[in-house]
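A.B. asks: My questions all concern the structure below.
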Amino acid sequence: MIRKTVTDVVAALKGVENGMTFMLGGFGLCGIPENSIAELVRLGISDITCISNNAGVDDFGLGLLLQNRQIKKMISSYVGENDEFERQMLSGELEVELTPQGTLAEKCRAAQGGFPAFYTPAGYGTEVAEGKETRAFNGKMYVLEEACKADYAFVKAWKGDEAGNLIFKGTARNFNPCMCGAAKITVAEVEELLPAGSLDPNEIHVPGIFIQRIFEGKHFEKRIEQRTVREKQ
């Protein structure tokens, strides 16, 4: 049995360098690879391009990299919860490529499957389509979108085994599965790492063939992005 385990996050991020492009799973603060992000902060990697649905919040997630001015470019679909992101974008310090959410997911999935590009109707007739090839299919216009290209993909799963098989929990599944195998190296951090063969094959969401490195990480408190409560009746 092939084992993908590494000792810790330091070993998992071996080889990361300035100027690289990283995919980071998660949606809001749900399912983000916080150990990998914390290690990128510690290493001081700079001039990086991040492909992620959003940029976290000011003091957690990718917001920590933004605070340190480590991110050169963000490729995202939603960035409304981060004041520092807004400030850097409006001041011209940060390059931003906004992408429709479904298109962003498909750009990752295309890279995972080895497809160089695909056509989508999303964004046709808007700024999203500027400079891109368009084509009609059955009387409807589509935009050609290229697959994402990344050096590393960092994902977080609930459970994993030594062979790299992953199970995600609830909505933490989000962008994580489609980023597995979509970069040259995929690093998975899991809340519980089990021996190979421990997971029920019928419950595995991502097979280990897509994972190069896996480790059990220390996970912080479950952050709530927007707490909404109702008044006592």
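Residue names in the structure tokens use chain letters A, B, ... in the order shown, residue numbers from 1 in each chain, and ligand numbers from 1 in the order shown.
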Can you list every residue in segment 56-193 of chain A that DSSP puts in alpha helix (DSSP H), as an mmCIF file with N, CA, C and O atoms, in the first residue's frame?

C.D. replies:
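out15.cif written:
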data_model
loop_
_atom_site.group_PDB
_atom_site.id
_atom_site.type_symbol
_atom_site.label_atom_id
_atom_site.label_comp_id
_atom_site.auth_asym_id
_atom_site.auth_seq_id
_atom_site.Cartn_x
_atom_site.Cartn_y
_atom_site.Cartn_z
ATOM 1 N N GLY A 63 -6.912 35.893 5.219
ATOM 2 C CA GLY A 63 -6.745 37.253 5.748
ATOM 3 C C GLY A 63 -5.399 37.439 6.427
ATOM 4 O O GLY A 63 -4.839 38.545 6.438
ATOM 5 N N LEU A 64 -4.847 36.377 7.008
ATOM 6 C CA LEU A 64 -3.540 36.458 7.661
ATOM 7 C C LEU A 64 -2.430 36.699 6.646
ATOM 8 O O LEU A 64 -1.484 37.446 6.905
ATOM 9 N N LEU A 65 -2.539 36.064 5.470
ATOM 10 C CA LEU A 65 -1.554 36.292 4.423
ATOM 11 C C LEU A 65 -1.682 37.701 3.841
ATOM 12 O O LEU A 65 -0.682 38.325 3.487
ATOM 13 N N LEU A 66 -2.917 38.182 3.767
ATOM 14 C CA LEU A 66 -3.133 39.548 3.272
ATOM 15 C C LEU A 66 -2.535 40.576 4.221
ATOM 16 O O LEU A 66 -1.941 41.564 3.790
ATOM 17 N N GLN A 67 -2.678 40.343 5.509
ATOM 18 C CA GLN A 67 -2.123 41.264 6.487
ATOM 19 C C GLN A 67 -0.614 41.407 6.324
ATOM 20 O O GLN A 67 -0.054 42.495 6.505
ATOM 21 N N ASP A 83 -12.066 43.365 5.169
ATOM 22 C CA ASP A 83 -11.818 44.798 5.006
ATOM 23 C C ASP A 83 -10.435 45.071 4.426
ATOM 24 O O ASP A 83 -10.248 45.983 3.621
ATOM 25 N N GLU A 84 -9.433 44.291 4.842
ATOM 26 C CA GLU A 84 -8.073 44.497 4.356
ATOM 27 C C GLU A 84 -7.983 44.149 2.872
ATOM 28 O O GLU A 84 -7.272 44.808 2.111
ATOM 29 N N PHE A 85 -8.716 43.137 2.459
ATOM 30 C CA PHE A 85 -8.774 42.788 1.037
ATOM 31 C C PHE A 85 -9.316 43.976 0.244
ATOM 32 O O PHE A 85 -8.738 44.371 -0.778
ATOM 33 N N GLU A 86 -10.413 44.531 0.712
ATOM 34 C CA GLU A 86 -11.021 45.675 0.025
ATOM 35 C C GLU A 86 -10.051 46.842 -0.066
ATOM 36 O O GLU A 86 -9.915 47.475 -1.117
ATOM 37 N N ARG A 87 -9.357 47.115 1.046
ATOM 38 C CA ARG A 87 -8.420 48.232 1.055
ATOM 39 C C ARG A 87 -7.295 48.023 0.054
ATOM 40 O O ARG A 87 -6.960 48.938 -0.722
ATOM 41 N N GLN A 88 -6.715 46.819 0.038
ATOM 42 C CA GLN A 88 -5.609 46.551 -0.882
ATOM 43 C C GLN A 88 -6.057 46.551 -2.336
ATOM 44 O O GLN A 88 -5.328 46.996 -3.222
ATOM 45 N N MET A 89 -7.264 46.041 -2.595
ATOM 46 C CA MET A 89 -7.772 46.024 -3.960
ATOM 47 C C MET A 89 -8.011 47.445 -4.473
ATOM 48 O O MET A 89 -7.606 47.793 -5.585
ATOM 49 N N LEU A 90 -8.659 48.269 -3.665
ATOM 50 C CA LEU A 90 -8.975 49.632 -4.091
ATOM 51 C C LEU A 90 -7.735 50.506 -4.216
ATOM 52 O O LEU A 90 -7.706 51.441 -5.015
ATOM 53 N N SER A 91 -6.703 50.208 -3.435
ATOM 54 C CA SER A 91 -5.469 50.994 -3.494
ATOM 55 C C SER A 91 -4.539 50.524 -4.604
ATOM 56 O O SER A 91 -3.520 51.159 -4.880
ATOM 57 N N GLN A 101 -18.782 31.965 -9.375
ATOM 58 C CA GLN A 101 -18.468 30.871 -8.463
ATOM 59 C C GLN A 101 -18.479 29.496 -9.136
ATOM 60 O O GLN A 101 -17.565 28.676 -8.943
ATOM 61 N N GLY A 102 -19.498 29.242 -9.934
ATOM 62 C CA GLY A 102 -19.557 27.961 -10.628
ATOM 63 C C GLY A 102 -18.425 27.800 -11.624
ATOM 64 O O GLY A 102 -17.887 26.698 -11.801
ATOM 65 N N THR A 103 -18.052 28.897 -12.266
ATOM 66 C CA THR A 103 -16.941 28.858 -13.216
ATOM 67 C C THR A 103 -15.637 28.558 -12.502
ATOM 68 O O THR A 103 -14.808 27.771 -12.992
ATOM 69 N N LEU A 104 -15.448 29.159 -11.324
ATOM 70 C CA LEU A 104 -14.232 28.908 -10.559
ATOM 71 C C LEU A 104 -14.127 27.437 -10.167
ATOM 72 O O LEU A 104 -13.063 26.813 -10.294
ATOM 73 N N ALA A 105 -15.237 26.874 -9.713
ATOM 74 C CA ALA A 105 -15.246 25.457 -9.346
ATOM 75 C C ALA A 105 -14.933 24.586 -10.562
ATOM 76 O O ALA A 105 -14.160 23.620 -10.476
ATOM 77 N N GLU A 106 -15.494 24.945 -11.714
ATOM 78 C CA GLU A 106 -15.273 24.144 -12.921
ATOM 79 C C GLU A 106 -13.858 24.304 -13.450
ATOM 80 O O GLU A 106 -13.298 23.361 -14.019
ATOM 81 N N LYS A 107 -13.249 25.475 -13.260
ATOM 82 C CA LYS A 107 -11.862 25.675 -13.674
ATOM 83 C C LYS A 107 -10.933 24.764 -12.872
ATOM 84 O O LYS A 107 -9.940 24.247 -13.392
ATOM 85 N N CYS A 108 -11.260 24.568 -11.605
ATOM 86 C CA CYS A 108 -10.483 23.642 -10.768
ATOM 87 C C CYS A 108 -10.751 22.199 -11.186
ATOM 88 O O CYS A 108 -9.827 21.387 -11.311
ATOM 89 N N ARG A 109 -12.021 21.895 -11.420
ATOM 90 C CA ARG A 109 -12.395 20.527 -11.793
ATOM 91 C C ARG A 109 -11.808 20.159 -13.155
ATOM 92 O O ARG A 109 -11.417 19.012 -13.376
ATOM 93 N N ALA A 110 -11.736 21.120 -14.061
ATOM 94 C CA ALA A 110 -11.142 20.856 -15.372
ATOM 95 C C ALA A 110 -9.663 20.510 -15.221
ATOM 96 O O ALA A 110 -9.162 19.579 -15.853
ATOM 97 N N ALA A 111 -8.970 21.253 -14.372
ATOM 98 C CA ALA A 111 -7.561 20.963 -14.119
ATOM 99 C C ALA A 111 -7.400 19.577 -13.504
ATOM 100 O O ALA A 111 -6.487 18.826 -13.854
ATOM 101 N N GLN A 112 -8.308 19.230 -12.609
ATOM 102 C CA GLN A 112 -8.283 17.910 -11.977
ATOM 103 C C GLN A 112 -8.436 16.798 -13.007
ATOM 104 O O GLN A 112 -7.769 15.764 -12.937
ATOM 105 N N GLY A 113 -9.303 17.006 -13.985
ATOM 106 C CA GLY A 113 -9.575 15.980 -14.989
ATOM 107 C C GLY A 113 -8.652 16.021 -16.190
ATOM 108 O O GLY A 113 -8.757 15.177 -17.079
ATOM 109 N N ASN A 176 -13.123 21.884 -1.700
ATOM 110 C CA ASN A 176 -12.006 20.981 -1.439
ATOM 111 C C ASN A 176 -11.887 19.826 -2.446
ATOM 112 O O ASN A 176 -10.804 19.604 -3.003
ATOM 113 N N PRO A 177 -12.954 19.062 -2.714
ATOM 114 C CA PRO A 177 -12.795 17.920 -3.623
ATOM 115 C C PRO A 177 -12.324 18.285 -5.025
ATOM 116 O O PRO A 177 -11.499 17.571 -5.608
ATOM 117 N N CYS A 178 -12.833 19.387 -5.575
ATOM 118 C CA CYS A 178 -12.464 19.723 -6.952
ATOM 119 C C CYS A 178 -11.050 20.275 -7.072
ATOM 120 O O CYS A 178 -10.502 20.374 -8.180
ATOM 121 N N MET A 179 -10.437 20.629 -5.943
ATOM 122 C CA MET A 179 -9.049 21.098 -5.971
ATOM 123 C C MET A 179 -8.059 19.957 -5.803
ATOM 124 O O MET A 179 -6.870 20.119 -6.083
#

A.B. asks: I'd like a table as a tab-separated table: residues in segment 56-146 of chain A with an atom no more than 9 Å from segment 32-40 of chain A, each row giving the shortest atom pair and its distance in Å to one decimal, only C-alpha atoms counted, sorted by chain and rising residue number.

C.D. replies:
residue	atom	partner	partner_atom	distance
A:Gly56	CA	A:Ile32	CA	8.7
A:Phe60	CA	A:Glu34	CA	8.3
A:Gly61	CA	A:Glu34	CA	6.2
A:Leu62	CA	A:Ile37	CA	6.9
A:Leu64	CA	A:Ala38	CA	7.9
A:Leu65	CA	A:Ile37	CA	7.6
A:Gln70	CA	A:Leu40	CA	8.9

A.B. asks: Take the residues from that selection and put them in a file with N, CA, C and O atoms, as a PDB file, in the first residue's frame.

C.D. replies:
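Result file is again-v3.pdb:
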ATOM      1  N   GLY A  56     -11.176  34.725   3.266  1.00  0.00           N
ATOM      2  CA  GLY A  56     -11.298  34.635   4.715  1.00  0.00           C
ATOM      3  C   GLY A  56     -11.769  35.941   5.329  1.00  0.00           C
ATOM      4  O   GLY A  56     -12.435  36.752   4.676  1.00  0.00           O
ATOM      5  N   PHE A  60      -8.258  35.720  10.177  1.00  0.00           N
ATOM      6  CA  PHE A  60      -8.284  34.267  10.065  1.00  0.00           C
ATOM      7  C   PHE A  60      -8.306  33.874   8.597  1.00  0.00           C
ATOM      8  O   PHE A  60      -8.786  34.624   7.742  1.00  0.00           O
ATOM      9  N   GLY A  61      -7.789  32.692   8.312  1.00  0.00           N
ATOM     10  CA  GLY A  61      -7.766  32.224   6.925  1.00  0.00           C
ATOM     11  C   GLY A  61      -6.788  33.026   6.093  1.00  0.00           C
ATOM     12  O   GLY A  61      -5.739  33.481   6.576  1.00  0.00           O
ATOM     13  N   LEU A  62      -7.118  33.226   4.824  1.00  0.00           N
ATOM     14  CA  LEU A  62      -6.223  33.959   3.926  1.00  0.00           C
ATOM     15  C   LEU A  62      -6.024  35.407   4.351  1.00  0.00           C
ATOM     16  O   LEU A  62      -5.086  36.067   3.904  1.00  0.00           O
ATOM     17  N   LEU A  64      -4.847  36.377   7.008  1.00  0.00           N
ATOM     18  CA  LEU A  64      -3.540  36.458   7.661  1.00  0.00           C
ATOM     19  C   LEU A  64      -2.430  36.699   6.646  1.00  0.00           C
ATOM     20  O   LEU A  64      -1.484  37.446   6.905  1.00  0.00           O
ATOM     21  N   LEU A  65      -2.539  36.064   5.470  1.00  0.00           N
ATOM     22  CA  LEU A  65      -1.554  36.292   4.423  1.00  0.00           C
ATOM     23  C   LEU A  65      -1.682  37.701   3.841  1.00  0.00           C
ATOM     24  O   LEU A  65      -0.682  38.325   3.487  1.00  0.00           O
ATOM     25  N   GLN A  70       1.606  39.116   1.680  1.00  0.00           N
ATOM     26  CA  GLN A  70       2.240  37.972   1.016  1.00  0.00           C
ATOM     27  C   GLN A  70       1.555  37.603  -0.298  1.00  0.00           C
ATOM     28  O   GLN A  70       2.124  36.902  -1.114  1.00  0.00           O
TER      29      GLN A  70
END

A.B. asks: Which is closest to Asn174 of chain A among A:Lys159, A:His205, A:Asp59, A:Glu17, if we use only C-alpha atoms?

C.D. replies: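 Comparing A:Lys159, A:His205, A:Asp59, A:Glu17 against Asn174 of chain A, the winner is A:His205.
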
A.B. asks: When you look at Val155 of chain A with a cut-off of 12 Å (counting only C-alpha atoms), what residues show up, excluding the ones that are within fewer than 4 positions of it in the same chain? I need them as a JSON list (two decimals) with N, CA, C and O atoms, in the first residue's frame.

C.D. replies:
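So the final result, stored in out-v9.json, reads:
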[["chain", "number", "residue", "atom", "x", "y", "z"],
["A", 12, "ALA", "N", 4.92, 18.84, 4.99],
["A", 12, "ALA", "CA", 3.89, 18.88, 3.95],
["A", 12, "ALA", "C", 4.11, 20.02, 2.97],
["A", 12, "ALA", "O", 3.77, 19.91, 1.79],
["A", 22, "PHE", "N", -1.11, 28.97, -5.57],
["A", 22, "PHE", "CA", -1.68, 27.99, -4.65],
["A", 22, "PHE", "C", -3.21, 27.96, -4.77],
["A", 22, "PHE", "O", -3.85, 29.02, -4.84],
["A", 23, "MET", "N", -3.78, 26.76, -4.76],
["A", 23, "MET", "CA", -5.22, 26.59, -4.59],
["A", 23, "MET", "C", -5.48, 26.32, -3.11],
["A", 23, "MET", "O", -4.73, 25.57, -2.47],
["A", 24, "LEU", "N", -6.53, 26.91, -2.57],
["A", 24, "LEU", "CA", -6.87, 26.69, -1.18],
["A", 24, "LEU", "C", -8.36, 26.42, -1.06],
["A", 24, "LEU", "O", -9.20, 27.24, -1.46],
["A", 25, "GLY", "N", -8.70, 25.25, -0.53],
["A", 25, "GLY", "CA", -10.10, 24.87, -0.40],
["A", 25, "GLY", "C", -10.81, 25.67, 0.68],
["A", 25, "GLY", "O", -10.21, 26.46, 1.40],
["A", 26, "GLY", "N", -12.10, 25.44, 0.79],
["A", 26, "GLY", "CA", -12.90, 26.14, 1.80],
["A", 26, "GLY", "C", -13.92, 27.07, 1.19],
["A", 26, "GLY", "O", -13.87, 27.41, -0.01],
["A", 27, "PHE", "N", -14.86, 27.46, 2.04],
["A", 27, "PHE", "CA", -15.92, 28.38, 1.64],
["A", 27, "PHE", "C", -16.22, 29.23, 2.86],
["A", 27, "PHE", "O", -16.67, 28.71, 3.88],
["A", 30, "CYS", "N", -15.36, 27.79, 6.39],
["A", 30, "CYS", "CA", -15.71, 26.38, 6.51],
["A", 30, "CYS", "C", -14.80, 25.52, 5.62],
["A", 30, "CYS", "O", -14.78, 25.69, 4.40],
["A", 31, "GLY", "N", -14.04, 24.63, 6.25],
["A", 31, "GLY", "CA", -13.21, 23.72, 5.49],
["A", 31, "GLY", "C", -11.96, 24.32, 4.93],
["A", 31, "GLY", "O", -11.42, 23.82, 3.93],
["A", 32, "ILE", "N", -11.43, 25.37, 5.57],
["A", 32, "ILE", "CA", -10.20, 25.97, 5.07],
["A", 32, "ILE", "C", -8.99, 25.23, 5.67],
["A", 32, "ILE", "O", -9.03, 24.78, 6.81],
["A", 33, "PRO", "N", -7.90, 25.10, 4.92],
["A", 33, "PRO", "CA", -6.70, 24.42, 5.41],
["A", 33, "PRO", "C", -5.89, 25.34, 6.32],
["A", 33, "PRO", "O", -4.83, 25.87, 5.94],
["A", 34, "GLU", "N", -6.36, 25.55, 7.55],
["A", 34, "GLU", "CA", -5.76, 26.58, 8.41],
["A", 34, "GLU", "C", -4.33, 26.30, 8.81],
["A", 34, "GLU", "O", -3.53, 27.22, 9.00],
["A", 35, "ASN", "N", -3.96, 25.01, 8.94],
["A", 35, "ASN", "CA", -2.57, 24.70, 9.28],
["A", 35, "ASN", "C", -1.63, 25.07, 8.15],
["A", 35, "ASN", "O", -0.54, 25.60, 8.38],
["A", 36, "SER", "N", -2.03, 24.77, 6.94],
["A", 36, "SER", "CA", -1.20, 25.10, 5.78],
["A", 36, "SER", "C", -1.07, 26.61, 5.63],
["A", 36, "SER", "O", 0.02, 27.12, 5.32],
["A", 37, "ILE", "N", -2.16, 27.33, 5.85],
["A", 37, "ILE", "CA", -2.12, 28.79, 5.77],
["A", 37, "ILE", "C", -1.18, 29.35, 6.83],
["A", 37, "ILE", "O", -0.36, 30.24, 6.56],
["A", 51, "ILE", "N", -5.73, 30.92, -5.44],
["A", 51, "ILE", "CA", -7.00, 30.57, -6.06],
["A", 51, "ILE", "C", -7.89, 30.02, -4.95],
["A", 51, "ILE", "O", -7.63, 28.95, -4.40],
["A", 52, "SER", "N", -8.90, 30.78, -4.59],
["A", 52, "SER", "CA", -9.77, 30.39, -3.47],
["A", 52, "SER", "C", -11.11, 31.09, -3.63],
["A", 52, "SER", "O", -11.17, 32.21, -4.17],
["A", 159, "LYS", "N", -11.74, 13.20, 7.67],
["A", 159, "LYS", "CA", -10.96, 11.98, 7.89],
["A", 159, "LYS", "C", -10.15, 11.64, 6.66],
["A", 159, "LYS", "O", -10.54, 11.95, 5.53],
["A", 160, "GLY", "N", -9.02, 11.00, 6.89],
["A", 160, "GLY", "CA", -8.20, 10.53, 5.79],
["A", 160, "GLY", "C", -7.40, 9.32, 6.24],
["A", 160, "GLY", "O", -7.27, 9.08, 7.45],
["A", 164, "GLY", "N", -4.08, 8.40, 1.49],
["A", 164, "GLY", "CA", -4.54, 9.67, 0.94],
["A", 164, "GLY", "C", -6.02, 9.74, 0.64],
["A", 164, "GLY", "O", -6.52, 10.76, 0.15],
["A", 166, "LEU", "N", -9.85, 10.44, 1.22],
["A", 166, "LEU", "CA", -10.43, 11.51, 2.05],
["A", 166, "LEU", "C", -11.94, 11.41, 2.19],
["A", 166, "LEU", "O", -12.64, 11.02, 1.24],
["A", 167, "ILE", "N", -12.42, 11.81, 3.36],
["A", 167, "ILE", "CA", -13.85, 11.99, 3.62],
["A", 167, "ILE", "C", -14.04, 13.40, 4.18],
["A", 167, "ILE", "O", -13.37, 13.79, 5.13],
["A", 168, "PHE", "N", -14.96, 14.15, 3.58],
["A", 168, "PHE", "CA", -15.27, 15.50, 4.05],
["A", 168, "PHE", "C", -16.56, 15.48, 4.86],
["A", 168, "PHE", "O", -17.40, 14.59, 4.68],
["A", 172, "ALA", "N", -18.17, 21.38, 4.56],
["A", 172, "ALA", "CA", -16.72, 21.51, 4.38],
["A", 172, "ALA", "C", -16.26, 20.82, 3.10],
["A", 172, "ALA", "O", -15.10, 20.94, 2.71],
["A", 173, "ARG", "N", -17.18, 20.11, 2.47],
["A", 173, "ARG", "CA", -16.85, 19.47, 1.19],
["A", 173, "ARG", "C", -16.62, 20.54, 0.12],
["A", 173, "ARG", "O", -15.72, 20.41, -0.70],
["A", 174, "ASN", "N", -17.41, 21.56, 0.08],
["A", 174, "ASN", "CA", -17.34, 22.73, -0.82],
["A", 174, "ASN", "C", -16.30, 22.64, -1.93],
["A", 174, "ASN", "O", -16.39, 21.81, -2.82],
["A", 175, "PHE", "N", -15.29, 23.53, -1.92],
["A", 175, "PHE", "CA", -14.31, 23.58, -3.00],
["A", 175, "PHE", "C", -13.18, 22.55, -2.83],
["A", 175, "PHE", "O", -12.36, 22.40, -3.72],
["A", 176, "ASN", "N", -13.12, 21.88, -1.70],
["A", 176, "ASN", "CA", -12.01, 20.98, -1.44],
["A", 176, "ASN", "C", -11.89, 19.83, -2.45],
["A", 176, "ASN", "O", -10.80, 19.60, -3.00],
["A", 177, "PRO", "N", -12.95, 19.06, -2.71],
["A", 177, "PRO", "CA", -12.79, 17.92, -3.62],
["A", 177, "PRO", "C", -12.32, 18.28, -5.03],
["A", 177, "PRO", "O", -11.50, 17.57, -5.61],
["A", 178, "CYS", "N", -12.83, 19.39, -5.57],
["A", 178, "CYS", "CA", -12.46, 19.72, -6.95],
["A", 178, "CYS", "C", -11.05, 20.27, -7.07],
["A", 178, "CYS", "O", -10.50, 20.37, -8.18],
["A", 179, "MET", "N", -10.44, 20.63, -5.94],
["A", 179, "MET", "CA", -9.05, 21.10, -5.97],
["A", 179, "MET", "C", -8.06, 19.96, -5.80],
["A", 179, "MET", "O", -6.87, 20.12, -6.08],
["A", 180, "CYS", "N", -8.53, 18.79, -5.34],
["A", 180, "CYS", "CA", -7.64, 17.65, -5.17],
["A", 180, "CYS", "C", -7.16, 17.16, -6.54],
["A", 180, "CYS", "O", -7.97, 16.85, -7.41],
["A", 181, "GLY", "N", -5.87, 17.11, -6.74],
["A", 181, "GLY", "CA", -5.33, 16.67, -8.01],
["A", 181, "GLY", "C", -5.33, 17.73, -9.09],
["A", 181, "GLY", "O", -4.94, 17.46, -10.23],
["A", 182, "ALA", "N", -5.76, 18.95, -8.75],
["A", 182, "ALA", "CA", -5.82, 20.02, -9.75],
["A", 182, "ALA", "C", -4.53, 20.84, -9.80],
["A", 182, "ALA", "O", -4.42, 21.76, -10.60],
["A", 183, "ALA", "N", -3.57, 20.51, -8.94],
["A", 183, "ALA", "CA", -2.28, 21.19, -8.93],
["A", 183, "ALA", "C", -1.18, 20.15, -9.07],
["A", 183, "ALA", "O", -1.44, 18.94, -9.06],
["A", 185, "ILE", "N", 1.07, 19.41, -6.89],
["A", 185, "ILE", "CA", 1.13, 18.70, -5.62],
["A", 185, "ILE", "C", -0.09, 19.07, -4.80],
["A", 185, "ILE", "O", -0.39, 20.26, -4.63],
["A", 186, "THR", "N", -0.83, 18.08, -4.30],
["A", 186, "THR", "CA", -1.97, 18.33, -3.42],
["A", 186, "THR", "C", -1.62, 17.88, -2.01],
["A", 186, "THR", "O", -1.21, 16.75, -1.79],
["A", 187, "VAL", "N", -1.80, 18.81, -1.07],
["A", 187, "VAL", "CA", -1.54, 18.56, 0.34],
["A", 187, "VAL", "C", -2.87, 18.54, 1.08],
["A", 187, "VAL", "O", -3.64, 19.50, 1.00],
["A", 188, "ALA", "N", -3.15, 17.45, 1.78],
["A", 188, "ALA", "CA", -4.39, 17.34, 2.54],
["A", 188, "ALA", "C", -4.09, 17.32, 4.02],
["A", 188, "ALA", "O", -3.27, 16.53, 4.50],
["A", 189, "GLU", "N", -4.74, 18.21, 4.76],
["A", 189, "GLU", "CA", -4.66, 18.16, 6.22],
["A", 189, "GLU", "C", -6.00, 17.63, 6.72],
["A", 189, "GLU", "O", -7.06, 18.02, 6.23],
["A", 190, "VAL", "N", -5.95, 16.70, 7.66],
["A", 190, "VAL", "CA", -7.16, 16.04, 8.13],
["A", 190, "VAL", "C", -7.28, 16.14, 9.65],
["A", 190, "VAL", "O", -6.28, 16.27, 10.36],
["A", 191, "GLU", "N", -8.50, 16.09, 10.12],
["A", 191, "GLU", "CA", -8.74, 16.13, 11.56],
["A", 191, "GLU", "C", -8.42, 14.77, 12.20],
["A", 191, "GLU", "O", -8.05, 14.71, 13.37],
["A", 206, "VAL", "N", -12.87, 11.44, -2.04],
["A", 206, "VAL", "CA", -11.74, 11.64, -2.95],
["A", 206, "VAL", "C", -10.75, 10.50, -2.76],
["A", 206, "VAL", "O", -10.27, 10.27, -1.65],
["A", 210, "PHE", "N", -5.34, 11.22, -6.01],
["A", 210, "PHE", "CA", -5.26, 12.66, -6.22],
["A", 210, "PHE", "C", -4.40, 13.38, -5.18],
["A", 210, "PHE", "O", -4.19, 14.60, -5.30],
["A", 211, "ILE", "N", -3.93, 12.67, -4.16],
["A", 211, "ILE", "CA", -3.23, 13.30, -3.05],
["A", 211, "ILE", "C", -1.76, 12.87, -3.04],
["A", 211, "ILE", "O", -1.46, 11.69, -3.19],
["A", 212, "GLN", "N", -0.87, 13.84, -2.84],
["A", 212, "GLN", "CA", 0.56, 13.51, -2.75],
["A", 212, "GLN", "C", 1.05, 13.50, -1.29],
["A", 212, "GLN", "O", 1.93, 12.73, -0.94],
["A", 213, "ARG", "N", 0.47, 14.37, -0.45],
["A", 213, "ARG", "CA", 0.91, 14.45, 0.94],
["A", 213, "ARG", "C", -0.30, 14.62, 1.86],
["A", 213, "ARG", "O", -1.22, 15.37, 1.54],
["A", 214, "ILE", "N", -0.28, 13.91, 3.00],
["A", 214, "ILE", "CA", -1.38, 14.02, 3.95],
["A", 214, "ILE", "C", -0.81, 14.02, 5.37],
["A", 214, "ILE", "O", 0.17, 13.32, 5.66],
["A", 215, "PHE", "N", -1.40, 14.83, 6.23],
["A", 215, "PHE", "CA", -0.97, 14.87, 7.62],
["A", 215, "PHE", "C", -2.16, 15.20, 8.52],
["A", 215, "PHE", "O", -3.16, 15.76, 8.07],
["A", 217, "GLY", "N", -3.57, 17.45, 11.29],
["A", 217, "GLY", "CA", -3.25, 18.79, 11.77],
["A", 217, "GLY", "C", -3.97, 19.15, 13.06],
["A", 217, "GLY", "O", -4.99, 18.56, 13.41]]

A.B. asks: Hey, what does DSSP flag as strand (DSSP E) within segment 43-162 of chain A? Can you give it to me as a PyMOL selection string?

C.D. replies: chain A and resi 48-51+71-76+95-98+117-120+134-137+140-146+152-161

A.B. asks: Rank A:Met74, A:Leu94, A:Val9, A:Ala55 by their smallest atom-to-atom distance to Leu43 of chain A, using only C-alpha atoms, and report the top residue only.

C.D. replies: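 Once distances to Leu43 of chain A are computed over only C-alpha atoms, the minimum belongs to A:Val9.
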
A.B. asks: Would you compute the distance between atom CA of Glu225 of chain A and atom CA of Glu81 of chain A? Give it in Å to one decimal.

C.D. replies: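 For atom CA of Glu225 of chain A relative to atom CA of Glu81 of chain A, the distance reads 8.4 Å.
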